[in-house]
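**Student:** Supplied structure: protein22.txt, compact mmCIF, C-alpha atoms.
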```txt
# COMPACT_ATOMS: atom_id res chain seq x y z
CA MET A 1 13.14 56.76 19.28
CA HIS A 2 14.61 53.51 17.99
CA HIS A 3 12.80 51.02 15.82
CA PRO A 4 12.79 47.33 16.79
CA ARG A 5 16.14 45.90 15.89
CA ALA A 6 16.31 44.17 12.53
CA ASP A 7 17.97 41.06 13.91
CA ALA A 8 14.98 40.47 16.20
CA THR A 9 12.98 39.11 13.29
CA GLU A 10 15.72 37.27 11.41
CA ARG A 11 14.79 33.63 11.71
CA HIS A 12 18.39 32.40 11.63
CA ALA A 13 19.56 34.64 14.48
CA PRO A 14 18.85 33.88 18.15
CA LEU A 15 16.46 36.35 19.71
CA ARG A 16 18.30 38.16 22.49
CA VAL A 17 16.15 38.51 25.60
CA GLY A 18 16.53 39.89 29.09
CA ALA A 19 14.55 39.83 32.32
CA ILE A 20 13.87 43.05 34.20
CA GLY A 21 12.93 42.18 37.75
CA VAL A 22 13.77 38.69 38.97
CA GLY A 23 11.51 38.27 41.95
CA ASN A 24 9.13 35.33 42.04
CA MET A 25 7.52 35.87 38.62
CA GLY A 26 10.68 37.15 36.98
CA GLN A 27 12.53 34.00 37.98
CA HIS A 28 9.90 31.91 36.20
CA HIS A 29 10.31 34.09 33.10
CA THR A 30 14.05 33.58 33.23
CA ARG A 31 13.69 29.82 33.59
CA ILE A 32 11.47 29.52 30.54
CA PHE A 33 13.55 31.86 28.38
CA SER A 34 16.56 29.67 29.13
CA LEU A 35 14.70 26.61 27.79
CA LEU A 36 13.39 28.02 24.50
CA PRO A 37 15.18 27.19 21.24
CA ASP A 38 16.61 30.04 19.15
CA VAL A 39 16.46 32.35 22.17
CA GLU A 40 19.56 33.73 23.86
CA LEU A 41 19.07 34.79 27.48
CA VAL A 42 21.51 37.68 27.67
CA GLY A 43 21.09 39.08 31.16
CA VAL A 44 18.92 40.14 34.05
CA ALA A 45 18.40 43.45 35.83
CA ASP A 46 17.22 43.97 39.39
CA ILE A 47 17.67 46.61 42.07
CA ASP A 48 18.26 43.78 44.55
CA VAL A 49 21.92 43.17 43.71
CA GLU A 50 22.28 39.98 45.73
CA ARG A 51 19.22 38.39 44.16
CA GLY A 52 20.11 39.56 40.66
CA LEU A 53 23.67 38.26 40.91
CA ALA A 54 22.43 34.90 42.15
CA ILE A 55 20.09 34.48 39.16
CA ALA A 56 22.76 35.67 36.73
CA GLN A 57 25.24 33.18 38.15
CA GLN A 58 22.67 30.37 37.97
CA TYR A 59 22.23 30.90 34.21
CA GLN A 60 25.76 32.08 33.49
CA ILE A 61 24.56 35.41 32.11
CA ASP A 62 25.24 39.09 32.79
CA PHE A 63 23.74 41.07 35.66
CA TYR A 64 22.77 44.74 35.41
CA GLU A 65 21.86 46.81 38.44
CA SER A 66 20.22 49.32 36.08
CA TYR A 67 17.79 47.96 33.51
CA ARG A 68 18.72 50.78 31.15
CA GLU A 69 22.20 49.27 30.80
CA LEU A 70 20.61 46.00 29.67
CA LEU A 71 18.52 47.50 26.85
CA PRO A 72 21.27 47.96 24.21
CA HIS A 73 22.03 44.23 24.41
CA VAL A 74 18.53 42.76 23.92
CA ASP A 75 15.78 42.56 21.32
CA ALA A 76 13.05 41.76 23.84
CA ALA A 77 12.51 41.94 27.58
CA CYS A 78 10.06 40.64 30.13
CA ILE A 79 9.15 43.13 32.85
CA ALA A 80 8.19 41.81 36.28
CA VAL A 81 8.57 44.80 38.58
CA PRO A 82 6.05 46.40 40.99
CA THR A 83 3.00 47.70 39.15
CA ARG A 84 3.81 51.33 39.93
CA LEU A 85 7.01 50.94 37.85
CA HIS A 86 5.43 49.31 34.78
CA TYR A 87 4.95 52.59 32.94
CA ARG A 88 8.45 53.99 33.38
CA VAL A 89 10.27 50.73 32.66
CA GLY A 90 7.97 49.78 29.79
CA LEU A 91 8.25 53.18 28.17
CA ASP A 92 12.06 53.10 28.30
CA CYS A 93 12.07 49.66 26.67
CA LEU A 94 9.67 50.64 23.89
CA HIS A 95 11.53 53.88 23.18
CA ALA A 96 14.69 51.78 22.82
CA GLY A 97 12.94 49.56 20.24
CA VAL A 98 12.77 46.59 22.62
CA HIS A 99 9.74 44.28 22.41
CA VAL A 100 7.99 43.99 25.79
CA LEU A 101 6.27 41.22 27.71
CA MET A 102 4.74 43.09 30.65
CA GLU A 103 3.35 41.39 33.72
CA LYS A 104 -0.25 42.28 34.40
CA PRO A 105 -1.78 44.71 34.98
CA ILE A 106 -0.38 46.65 32.06
CA ALA A 107 0.10 49.74 34.24
CA ALA A 108 -0.99 51.39 37.48
CA SER A 109 -3.44 53.75 35.76
CA LEU A 110 -5.44 54.07 32.57
CA VAL A 111 -3.46 57.12 31.50
CA GLU A 112 -0.18 55.20 31.82
CA ALA A 113 -1.65 52.17 30.04
CA GLU A 114 -2.85 54.29 27.12
CA ALA A 115 0.59 55.88 26.84
CA LEU A 116 2.26 52.45 26.70
CA VAL A 117 -0.10 51.30 23.94
CA GLU A 118 0.64 54.46 21.96
CA ALA A 119 4.40 54.05 22.49
CA ALA A 120 4.32 50.46 21.24
CA THR A 121 2.42 51.52 18.14
CA ALA A 122 4.82 54.38 17.46
CA ALA A 123 7.84 52.11 17.89
CA GLY A 124 6.38 49.27 15.84
CA ALA A 125 7.18 47.01 18.79
CA ILE A 126 5.29 44.09 20.31
CA LEU A 127 3.62 44.86 23.63
CA GLN A 128 2.17 41.71 25.18
CA VAL A 129 0.70 41.66 28.67
CA GLY A 130 0.84 38.68 31.01
CA HIS A 131 -2.81 37.72 31.33
CA ILE A 132 -1.58 34.18 31.69
CA GLU A 133 -4.97 32.46 31.98
CA ARG A 134 -5.56 33.09 28.26
CA PHE A 135 -2.90 30.43 27.73
CA ASN A 136 -4.34 27.98 30.23
CA PRO A 137 -5.37 24.88 28.24
CA THR A 138 -8.39 24.44 30.53
CA PHE A 139 -9.69 27.85 29.50
CA SER A 140 -9.17 26.87 25.87
CA GLU A 141 -11.32 23.77 26.44
CA LEU A 142 -14.05 25.85 28.10
CA ARG A 143 -14.07 28.33 25.24
CA GLN A 144 -14.43 25.49 22.73
CA ILE A 145 -17.28 23.94 24.73
CA LEU A 146 -19.17 27.24 24.86
CA GLN A 147 -19.08 27.49 21.07
CA ALA A 148 -21.59 24.63 21.02
CA GLU A 149 -23.73 25.86 23.93
CA THR A 150 -25.96 28.84 24.69
CA PRO A 151 -24.53 30.54 27.78
CA LEU A 152 -26.87 32.46 30.06
CA ALA A 153 -24.49 33.51 32.81
CA LEU A 154 -20.94 32.99 33.99
CA GLU A 155 -19.39 33.00 37.43
CA ALA A 156 -15.73 33.09 38.43
CA HIS A 157 -14.03 32.40 41.75
CA ARG A 158 -10.37 33.27 42.26
CA LEU A 159 -9.33 32.79 45.88
CA SER A 160 -5.88 32.77 47.45
CA PRO A 161 -4.23 32.89 50.87
CA HIS A 162 -2.97 36.39 51.65
CA PRO A 163 0.81 35.71 51.94
CA GLN A 164 1.00 34.51 48.34
CA GLN A 165 -0.31 37.73 46.83
CA ALA A 166 1.07 41.15 45.97
CA SER A 167 0.51 43.78 48.66
CA ASP A 168 0.94 46.88 46.50
CA VAL A 169 -2.36 46.45 44.62
CA SER A 170 -5.92 45.50 45.50
CA VAL A 171 -7.38 42.05 44.98
CA VAL A 172 -9.10 43.45 41.88
CA MET A 173 -5.82 44.33 40.18
CA ASP A 174 -3.96 41.31 41.50
CA LEU A 175 -6.51 38.53 41.00
CA MET A 176 -9.91 39.54 39.62
CA ILE A 177 -8.40 41.24 36.58
CA HIS A 178 -7.51 37.76 35.25
CA ASP A 179 -11.18 36.77 35.16
CA LEU A 180 -12.32 40.14 33.85
CA ASP A 181 -9.96 39.62 30.92
CA LEU A 182 -11.33 36.11 30.34
CA LEU A 183 -14.91 37.40 30.40
CA LEU A 184 -14.11 40.11 27.87
CA GLU A 185 -12.62 37.39 25.68
CA LEU A 186 -15.59 35.01 26.06
CA MET A 187 -18.47 37.46 25.78
CA ALA A 188 -19.61 38.52 22.34
CA ALA A 189 -20.76 41.92 23.63
CA PRO A 190 -19.32 44.80 25.65
CA PRO A 191 -20.05 45.29 29.38
CA VAL A 192 -22.72 47.92 30.05
CA LYS A 193 -23.67 47.57 33.74
CA LEU A 194 -21.80 46.88 36.96
CA ALA A 195 -22.22 46.39 40.70
CA ALA A 196 -19.37 45.72 43.13
CA SER A 197 -18.73 45.44 46.86
CA GLY A 198 -15.57 44.78 48.84
CA SER A 199 -13.90 44.49 52.21
CA GLN A 200 -10.43 44.40 53.70
CA THR A 201 -8.62 43.27 56.82
CA ALA A 202 -7.81 45.73 59.59
CA SER A 203 -4.11 45.69 58.72
CA SER A 204 -4.54 46.03 54.94
CA GLN A 205 -4.27 49.19 52.87
CA GLN A 206 -6.03 47.56 49.92
CA LEU A 207 -9.27 45.71 49.21
CA ASP A 208 -8.76 42.04 50.07
CA TYR A 209 -12.16 40.65 49.05
CA VAL A 210 -14.36 41.86 46.20
CA THR A 211 -17.48 40.53 44.54
CA ALA A 212 -18.80 42.02 41.31
CA THR A 213 -21.64 41.51 38.86
CA VAL A 214 -21.19 42.61 35.26
CA GLY A 215 -24.04 42.97 32.78
CA PHE A 216 -23.29 42.72 29.07
CA ALA A 217 -25.07 44.32 26.13
CA ASN A 218 -26.39 40.94 24.94
CA GLY A 219 -28.17 40.35 28.27
CA LEU A 220 -25.65 37.92 29.74
CA LEU A 221 -24.54 38.28 33.34
CA ALA A 222 -21.24 37.44 35.01
CA THR A 223 -20.54 37.30 38.74
CA LEU A 224 -16.98 37.33 40.05
CA THR A 225 -15.45 36.79 43.47
CA ALA A 226 -11.80 37.41 44.28
CA SER A 227 -10.14 37.04 47.67
CA LYS A 228 -6.68 37.37 49.16
CA VAL A 229 -7.87 36.06 52.53
CA ALA A 230 -9.15 32.61 51.58
CA HIS A 231 -7.90 29.48 53.29
CA ARG A 232 -7.56 27.51 50.10
CA LYS A 233 -6.55 28.32 46.56
CA THR A 234 -9.36 28.26 44.00
CA ARG A 235 -9.44 29.12 40.30
CA ARG A 236 -12.81 28.25 38.77
CA ILE A 237 -15.10 29.50 36.03
CA ALA A 238 -18.63 28.13 35.63
CA ALA A 239 -20.79 28.71 32.57
CA HIS A 240 -24.53 28.27 33.09
CA CYS A 241 -25.91 27.34 29.68
CA GLN A 242 -29.36 26.53 28.38
CA HIS A 243 -28.66 22.80 28.22
CA ALA A 244 -25.58 22.34 30.39
CA LEU A 245 -23.42 23.58 33.23
CA ALA A 246 -19.71 23.71 32.38
CA GLU A 247 -17.27 24.14 35.27
CA ALA A 248 -13.61 24.77 34.49
CA ASP A 249 -11.04 24.07 37.20
CA LEU A 250 -8.12 26.19 36.02
CA LEU A 251 -5.82 24.57 38.58
CA GLY A 252 -6.93 21.00 37.99
CA ASN A 253 -6.77 21.05 34.17
CA GLU A 254 -10.31 19.75 33.89
CA VAL A 255 -13.72 20.89 32.67
CA SER A 256 -16.79 19.16 34.11
CA ILE A 257 -19.94 19.30 31.98
CA TYR A 258 -23.26 18.52 33.67
CA ARG A 259 -26.33 17.80 31.56
CA HIS A 260 -29.71 16.96 33.04
CA ALA A 261 -31.34 13.79 31.75
CA ALA A 262 -34.31 15.86 30.57
CA ALA A 263 -31.99 17.91 28.39
CA ARG A 264 -30.82 14.86 26.44
CA GLY A 265 -34.34 14.01 25.28
CA SER A 266 -35.82 11.85 28.05
CA THR A 267 -39.32 10.64 27.19
CA ASP A 268 -40.51 11.56 30.69
CA CYS A 269 -38.99 14.97 31.25
CA HIS A 270 -41.04 15.70 34.37
CA ALA A 271 -39.88 12.52 36.08
CA ALA A 272 -36.29 13.13 35.00
CA TRP A 273 -36.25 16.62 36.52
CA HIS A 274 -37.85 15.30 39.72
CA ARG A 275 -35.14 12.62 40.08
CA GLN A 276 -32.41 15.19 39.36
CA ASP A 277 -30.87 12.76 36.89
CA CYS A 278 -27.64 14.21 35.59
CA ASP A 279 -24.94 13.15 33.16
CA LEU A 280 -21.37 14.14 33.91
CA GLU A 281 -18.72 14.47 31.23
CA GLN A 282 -15.18 15.33 32.29
CA VAL A 283 -12.80 16.82 29.75
CA GLN A 284 -9.09 16.68 30.54
CA ALA A 285 -7.05 19.58 29.21
CA GLN A 286 -3.53 19.21 27.91
CA GLN A 287 -0.73 19.31 30.47
CA ILE A 288 0.88 22.54 29.27
CA GLU A 289 2.45 25.16 31.51
CA PRO A 290 0.51 28.37 30.74
CA LEU A 291 3.54 30.60 31.30
CA HIS A 292 5.59 28.56 28.83
CA ALA A 293 2.79 28.90 26.26
CA GLU A 294 2.53 32.63 26.93
CA ILE A 295 6.24 33.29 26.46
CA ALA A 296 6.46 31.04 23.40
CA HIS A 297 3.56 33.03 21.90
CA PHE A 298 5.45 36.26 22.61
CA ILE A 299 8.52 34.96 20.78
CA ARG A 300 6.44 33.78 17.79
CA CYS A 301 4.76 37.17 17.52
CA ILE A 302 8.16 38.87 17.37
CA ARG A 303 9.46 36.39 14.79
CA ASN A 304 6.37 36.57 12.59
CA GLY A 305 5.36 40.18 13.11
CA ALA A 306 1.98 39.01 14.42
CA ARG A 307 -0.39 40.63 16.90
CA PRO A 308 -0.26 39.03 20.35
CA SER A 309 -3.54 37.53 21.54
CA VAL A 310 -3.28 39.70 24.67
CA GLY A 311 -1.77 42.89 23.35
CA GLY A 312 -1.80 46.33 24.89
CA GLU A 313 -5.33 47.10 23.63
CA GLN A 314 -6.84 44.00 25.24
CA ALA A 315 -4.93 44.59 28.48
CA LEU A 316 -6.14 48.20 28.51
CA GLN A 317 -9.77 47.05 28.33
CA ALA A 318 -9.24 44.62 31.22
CA LEU A 319 -7.64 47.40 33.25
CA ARG A 320 -10.48 49.77 32.36
CA LEU A 321 -13.12 47.34 33.63
CA ALA A 322 -11.02 46.47 36.69
CA THR A 323 -10.70 50.17 37.51
CA TRP A 324 -14.47 50.58 37.46
CA VAL A 325 -14.90 47.50 39.68
CA GLU A 326 -12.32 48.78 42.15
CA GLN A 327 -13.78 52.29 42.29
CA MET A 328 -17.32 51.00 42.78
CA ALA A 329 -16.22 48.55 45.49
CA LEU A 330 -14.33 51.30 47.32
CA THR A 331 -17.30 53.67 47.10
CA ASP A 332 -19.66 50.97 48.32
CA ARG A 333 -17.37 50.14 51.24
CA ALA A 334 -17.08 53.80 52.22
CA ASP A 335 -20.87 54.17 52.14
CA THR A 336 -21.30 51.04 54.26
CA CYS A 337 -18.71 52.18 56.81
CA ASN A 338 -20.48 55.54 57.02
CA GLY A 339 -23.75 53.93 58.01
CA ALA A 340 -25.37 52.79 54.78
CA ALA A 341 -27.93 50.08 55.44
CA ALA A 342 -26.60 47.50 52.99
CA PRO A 343 -24.11 47.04 50.14
CA THR A 344 -25.11 48.14 46.67
CA THR A 345 -26.84 45.34 44.75
CA SER A 346 -28.34 47.08 41.71
CA LEU A 347 -26.35 47.30 38.52
CA SER A 348 -25.16 50.78 37.56
CA PRO A 349 -24.67 51.72 33.90
CA LEU A 350 -21.09 51.94 32.67
CA PRO A 351 -20.12 55.00 30.62
CA LEU A 352 -21.09 54.68 26.96
CA GLU A 353 -17.52 55.37 25.87
CA PHE A 354 -16.39 52.26 27.75
CA ALA A 355 -18.62 49.97 25.69
CA GLU A 356 -17.54 51.74 22.53
CA SER A 357 -13.85 51.32 23.40
CA CYS A 358 -14.43 47.59 23.94
CA ARG A 359 -16.03 47.30 20.51
CA ASP A 360 -13.14 49.20 18.93
CA SER A 361 -10.60 46.98 20.68
CA GLY A 362 -12.38 43.83 19.53
CA GLN A 363 -12.38 45.03 15.94
CA ARG A 364 -8.66 45.82 16.07
CA GLY A 365 -7.84 42.52 17.76
```
Show me this structure written as structure tokens.
**Tutor:**
Amino acid sequence: MHHPRADATERHAPLRVGAIGVGNMGQHHTRIFSLLPDVELVGVADIDVERGLAIAQQYQIDFYESYRELLPHVDAACIAVPTRLHYRVGLDCLHAGVHVLMEKPIAASLVEAEALVEAATAAGAILQVGHIERFNPTFSELRQILQAETPLALEAHRLSPHPQQASDVSVVMDLMIHDLDLLLELMAAPPVKLAASGSQTASSQQLDYVTATVGFANGLLATLTASKVAHRKTRRIAAHCQHALAEADLLGNEVSIYRHAAARGSTDCHAAWHRQDCDLEQVQAQQIEPLHAEIAHFIRCIRNGARPSVGGEQALQALRLATWVEQMALTDRADTCNGAAAPTTSLSPLPLEFAESCRDSGQRG
């Protein structure tokens, strides 16, 4: 096993990077790498030769049909291949001492994800996972707002038209996992209870629509809806607080804060509630491309030897919770299809070791 290359952390030397997989997401990675200062985009690797050559020609860099041939020439790599390949490709990179930015989810299974985390630790390499919404400036605004409020419950809606989404994973692993990661970041307690239901189209092999309710150890609740079969794209998180409702539009770069007139100290609270008087404050987030912020953070972590804000441990916890949601939704759907009267609505306890692993991850992070 190789250790991360010494020149990867030398501030005066360009960081040599490569892109493994240049489909839709990989092409965005390549674009941003080409724009960053003190970063040298060395090459790309893709099993689609025609596509890979086209991207390599566009950026005047080398093309490798095998990603293994790229590894000796780079200090870091972004991996944007089908989820089932994350483990094999990621492990090869880490064993070669190459820092890794892995698209989410971290891996196709918990066993593979745990092995990647262990490999990164053993290699002393950075393993960052592309939970891109952590770098969305609108989410940053919401998090700051909640520091001054008392949240009671959160709800998230992540809806997309089917053609835009990956077909090799369920809507939980493709979409909902983003919001599960955000909830784990926002909540000051581990998840302890869960209920989930789902459905799919006749032609689909995966769940296309899932709704879940997560109960946390501090009594807070979160409800999530994710869909691949919506007719409009939606990315919203709402925080129901004691004195306000904060709604974050992750696409529109805006947080709307609603406060009832009675909550601001009206002398006639009863009349204020009856009139439904409400103040609206709209907070505009910075116009920053989340993917650019994510990749720049990855580069800084390599340069400074810092822990990424979404490292392997955090991504593992998001995958762990997503796995439970997916399994419960599949079980519920099977029961319903076999004649059960109604979907499951009561919250089921999560295994104790799950809550403990979340606490351990938070302490390490």
**Student:** Segment 109-119 of chain A: which residues within 7 Å, counting all atoms listed in the file, same-chain residues fewer than 3 positions away excluded, as a list in words?
**Tutor:**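 Listing them by chain and then by number gives Tyr87, Leu91, Leu94, Ile106, Ala122, Ala123, Gly312, Glu313, Leu316 and Arg320 of chain A.
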**Student:** Rank A:Val255, A:Met25, A:Val229, A:Val171 by their smallest atom-to-atom distance to Met102 of chain A, using all atoms listed in the file, and report the top residue only.
**Tutor:**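 Closest to Met102 of chain A, using all atoms listed in the file: A:Met25.
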**Student:** Please provide as JSON, numbers by chain all residues within 6 Å of Pro14 of chain A, with the sequence filter that same-chain residues fewer than 2 positions apart are discarded (counting only C-alpha atoms).
**Tutor:** {"A": [38, 39, 40]}
**Student:** Quick check, in Å to one decimal: how far apart do atom CA of Thr225 of chain A and atom CA of Ser197 of chain A lie?
**Tutor:**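 Answer for the atom CA of Thr225 of chain A to atom CA of Ser197 of chain A separation: 9.9 Å.
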**Student:** Can you list, as a list in words, every protein, DNA or RNA residue that comes within 10 Å of Thr30 of chain A when you count all atoms listed in the file, leaving out same-chain residues fewer than 2 positions away?
**Tutor:**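 Selected residues are Val17, Gly18, Ala19, Ile20, Gly21, Val22, Met25, Gly26, Gln27, His28, Ile32, Phe33, Ser34, Leu35, Leu41, Gly43, Val44, Ile55, Ala56, Tyr59 and Cys78 of chain A.
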**Student:** With distances taken over all atoms listed in the file, which residue among A:His231, A:Leu245, A:Leu142, A:Asp332 lies nearest Val283 of chain A?
**Tutor:**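 Residue with the minimum atom-to-atom distance to Val283 of chain A: A:Leu142.
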**Student:** Kindly indicate which residue among A:Ser227, A:Ser346, A:Gln327, A:Gln128 lies nearest to Val310 of chain A, using only C-alpha atoms for the distances.
**Tutor:** A:Gln128
**Student:** For atom CA of His157 of chain A and atom CA of Ala80 of chain A, quote the distance in Å rounded to one decimal.
**Tutor:** 24.7 Å
**Student:** At what distance in Å, to one decimal, does atom CA of Ile299 of chain A lie from atom CA of Leu319 of chain A?
**Tutor:** 23.9 Å
**Student:** Let me make sure I understand: among A:Pro290, A:Gly52, A:Gly311, A:Gly219, which one has the smallest atom-to-atom distance to Pro151 of chain A if we use only C-alpha atoms?
**Tutor:**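 Closest residue, counting only C-alpha atoms: A:Gly219.
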**Student:** Point out the residue among A:Met328, A:Ala153, A:Ala246, A:Ala76 with the least atom-to-atom distance to Met187 of chain A, counting only C-alpha atoms.
**Tutor:** A:Ala153
**Student:** List the residues sitting within 6 Å of (-10.8, 19.2, 31.1) in the file's frame, using only C-alpha atoms, as a compact mmCIF listing (two decimals) with C-alpha atoms, keeping the file's coordinate frame.
**Tutor:**
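Saved result, out-v3.txt, follows:
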```
# COMPACT_ATOMS: atom_id res chain seq x y z
CA THR A 138 -8.39 24.44 30.53
CA ASN A 253 -6.77 21.05 34.17
CA GLU A 254 -10.31 19.75 33.89
CA VAL A 255 -13.72 20.89 32.67
CA GLN A 282 -15.18 15.33 32.29
CA VAL A 283 -12.80 16.82 29.75
CA GLN A 284 -9.09 16.68 30.54
CA ALA A 285 -7.05 19.58 29.21
```
**Student:** If we count only C-alpha atoms, what is near Ile177 of chain A at a cut-off of 9 Å, once residues fewer than 6 positions away on the same chain are taken out, given as a PyMOL selection string?
**Tutor:** chain A and resi 104-105+131+171+318-319+321-322
**Student:** Show me as a PyMOL selection string the residues that reach within 10 Å of (-11.4, 42.9, 32.1), counting only C-alpha atoms and using the file's own coordinates.
**Tutor:** chain A and resi 173+176-185+191+314-325+358
**Student:** For those residues, write C-alpha atoms to a file as a PDB file, keeping the file's coordinate frame.
**Tutor:**
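again_36.pdb written:
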```pdb
ATOM      1  CA  MET A 173      -5.820  44.330  40.180  1.00  0.00           C
ATOM      2  CA  MET A 176      -9.910  39.540  39.620  1.00  0.00           C
ATOM      3  CA  ILE A 177      -8.400  41.240  36.580  1.00  0.00           C
ATOM      4  CA  HIS A 178      -7.510  37.760  35.250  1.00  0.00           C
ATOM      5  CA  ASP A 179     -11.180  36.770  35.160  1.00  0.00           C
ATOM      6  CA  LEU A 180     -12.320  40.140  33.850  1.00  0.00           C
ATOM      7  CA  ASP A 181      -9.960  39.620  30.920  1.00  0.00           C
ATOM      8  CA  LEU A 182     -11.330  36.110  30.340  1.00  0.00           C
ATOM      9  CA  LEU A 183     -14.910  37.400  30.400  1.00  0.00           C
ATOM     10  CA  LEU A 184     -14.110  40.110  27.870  1.00  0.00           C
ATOM     11  CA  GLU A 185     -12.620  37.390  25.680  1.00  0.00           C
ATOM     12  CA  PRO A 191     -20.050  45.290  29.380  1.00  0.00           C
ATOM     13  CA  GLN A 314      -6.840  44.000  25.240  1.00  0.00           C
ATOM     14  CA  ALA A 315      -4.930  44.590  28.480  1.00  0.00           C
ATOM     15  CA  LEU A 316      -6.140  48.200  28.510  1.00  0.00           C
ATOM     16  CA  GLN A 317      -9.770  47.050  28.330  1.00  0.00           C
ATOM     17  CA  ALA A 318      -9.240  44.620  31.220  1.00  0.00           C
ATOM     18  CA  LEU A 319      -7.640  47.400  33.250  1.00  0.00           C
ATOM     19  CA  ARG A 320     -10.480  49.770  32.360  1.00  0.00           C
ATOM     20  CA  LEU A 321     -13.120  47.340  33.630  1.00  0.00           C
ATOM     21  CA  ALA A 322     -11.020  46.470  36.690  1.00  0.00           C
ATOM     22  CA  THR A 323     -10.700  50.170  37.510  1.00  0.00           C
ATOM     23  CA  TRP A 324     -14.470  50.580  37.460  1.00  0.00           C
ATOM     24  CA  VAL A 325     -14.900  47.500  39.680  1.00  0.00           C
ATOM     25  CA  CYS A 358     -14.430  47.590  23.940  1.00  0.00           C
TER      26      CYS A 358
END
```
**Student:** Find the residues near Val49 of chain A: any atom within 10 Å, counting all atoms listed in the file, skip ones fewer than 4 places away on the same chain, and give them as a list of chain:residue names.
**Tutor:** A:Ala45, A:Leu53, A:Ala54, A:Ile55, A:Phe63, A:Tyr64, A:Glu65, A:Ser66
**Student:** Measuring between all atoms listed in the file, which one of A:Leu146, A:Ala108, A:Ala306, A:Cys241 shows the shortest distance to Ile126 of chain A?
**Tutor:** A:Ala306
**Student:** Limit the output to N, CA and C atoms and give segment 278-293 of chain A as an mmCIF file, in the first residue's frame.
**Tutor:**
```
data_model
loop_
_atom_site.group_PDB
_atom_site.id
_atom_site.type_symbol
_atom_site.label_atom_id
_atom_site.label_comp_id
_atom_site.auth_asym_id
_atom_site.auth_seq_id
_atom_site.Cartn_x
_atom_site.Cartn_y
_atom_site.Cartn_z
ATOM 1 N N CYS A 278 -49.005 37.678 9.830
ATOM 2 C CA CYS A 278 -47.732 36.972 9.680
ATOM 3 C C CYS A 278 -46.698 37.896 9.057
ATOM 4 N N ASP A 279 -45.514 37.898 9.641
ATOM 5 C CA ASP A 279 -44.386 38.622 9.064
ATOM 6 C C ASP A 279 -43.575 37.664 8.203
ATOM 7 N N LEU A 280 -43.101 38.165 7.089
ATOM 8 C CA LEU A 280 -42.267 37.359 6.200
ATOM 9 C C LEU A 280 -40.918 38.038 6.024
ATOM 10 N N GLU A 281 -39.869 37.301 6.330
ATOM 11 C CA GLU A 281 -38.506 37.759 6.084
ATOM 12 C C GLU A 281 -37.863 36.808 5.080
ATOM 13 N N GLN A 282 -37.301 37.359 4.023
ATOM 14 C CA GLN A 282 -36.661 36.532 3.005
ATOM 15 C C GLN A 282 -35.158 36.792 3.009
ATOM 16 N N VAL A 283 -34.411 35.716 3.178
ATOM 17 C CA VAL A 283 -32.955 35.793 3.250
ATOM 18 C C VAL A 283 -32.370 35.216 1.971
ATOM 19 N N GLN A 284 -31.637 36.041 1.247
ATOM 20 C CA GLN A 284 -30.993 35.587 0.014
ATOM 21 C C GLN A 284 -29.627 34.994 0.338
ATOM 22 N N ALA A 285 -29.393 33.797 -0.156
ATOM 23 C CA ALA A 285 -28.094 33.157 0.032
ATOM 24 C C ALA A 285 -27.127 33.626 -1.044
ATOM 25 N N GLN A 286 -25.851 33.423 -0.786
ATOM 26 C CA GLN A 286 -24.840 33.788 -1.769
ATOM 27 C C GLN A 286 -24.999 32.965 -3.042
ATOM 28 N N GLN A 287 -24.642 33.568 -4.159
ATOM 29 C CA GLN A 287 -24.698 32.865 -5.442
ATOM 30 C C GLN A 287 -23.390 32.101 -5.646
ATOM 31 N N ILE A 288 -23.309 30.936 -5.034
ATOM 32 C CA ILE A 288 -22.116 30.091 -5.121
ATOM 33 C C ILE A 288 -22.531 28.729 -5.653
ATOM 34 N N GLU A 289 -21.805 28.222 -6.636
ATOM 35 C CA GLU A 289 -22.102 26.886 -7.149
ATOM 36 C C GLU A 289 -21.676 25.858 -6.098
ATOM 37 N N PRO A 290 -22.616 25.066 -5.568
ATOM 38 C CA PRO A 290 -22.263 24.101 -4.520
ATOM 39 C C PRO A 290 -21.157 23.132 -4.928
ATOM 40 N N LEU A 291 -21.161 22.671 -6.177
ATOM 41 C CA LEU A 291 -20.136 21.717 -6.596
ATOM 42 C C LEU A 291 -18.755 22.361 -6.587
ATOM 43 N N HIS A 292 -18.681 23.623 -6.980
ATOM 44 C CA HIS A 292 -17.402 24.339 -6.936
ATOM 45 C C HIS A 292 -16.911 24.428 -5.491
ATOM 46 N N ALA A 293 -17.826 24.757 -4.568
ATOM 47 C CA ALA A 293 -17.451 24.851 -3.152
ATOM 48 C C ALA A 293 -17.024 23.492 -2.615
#
```
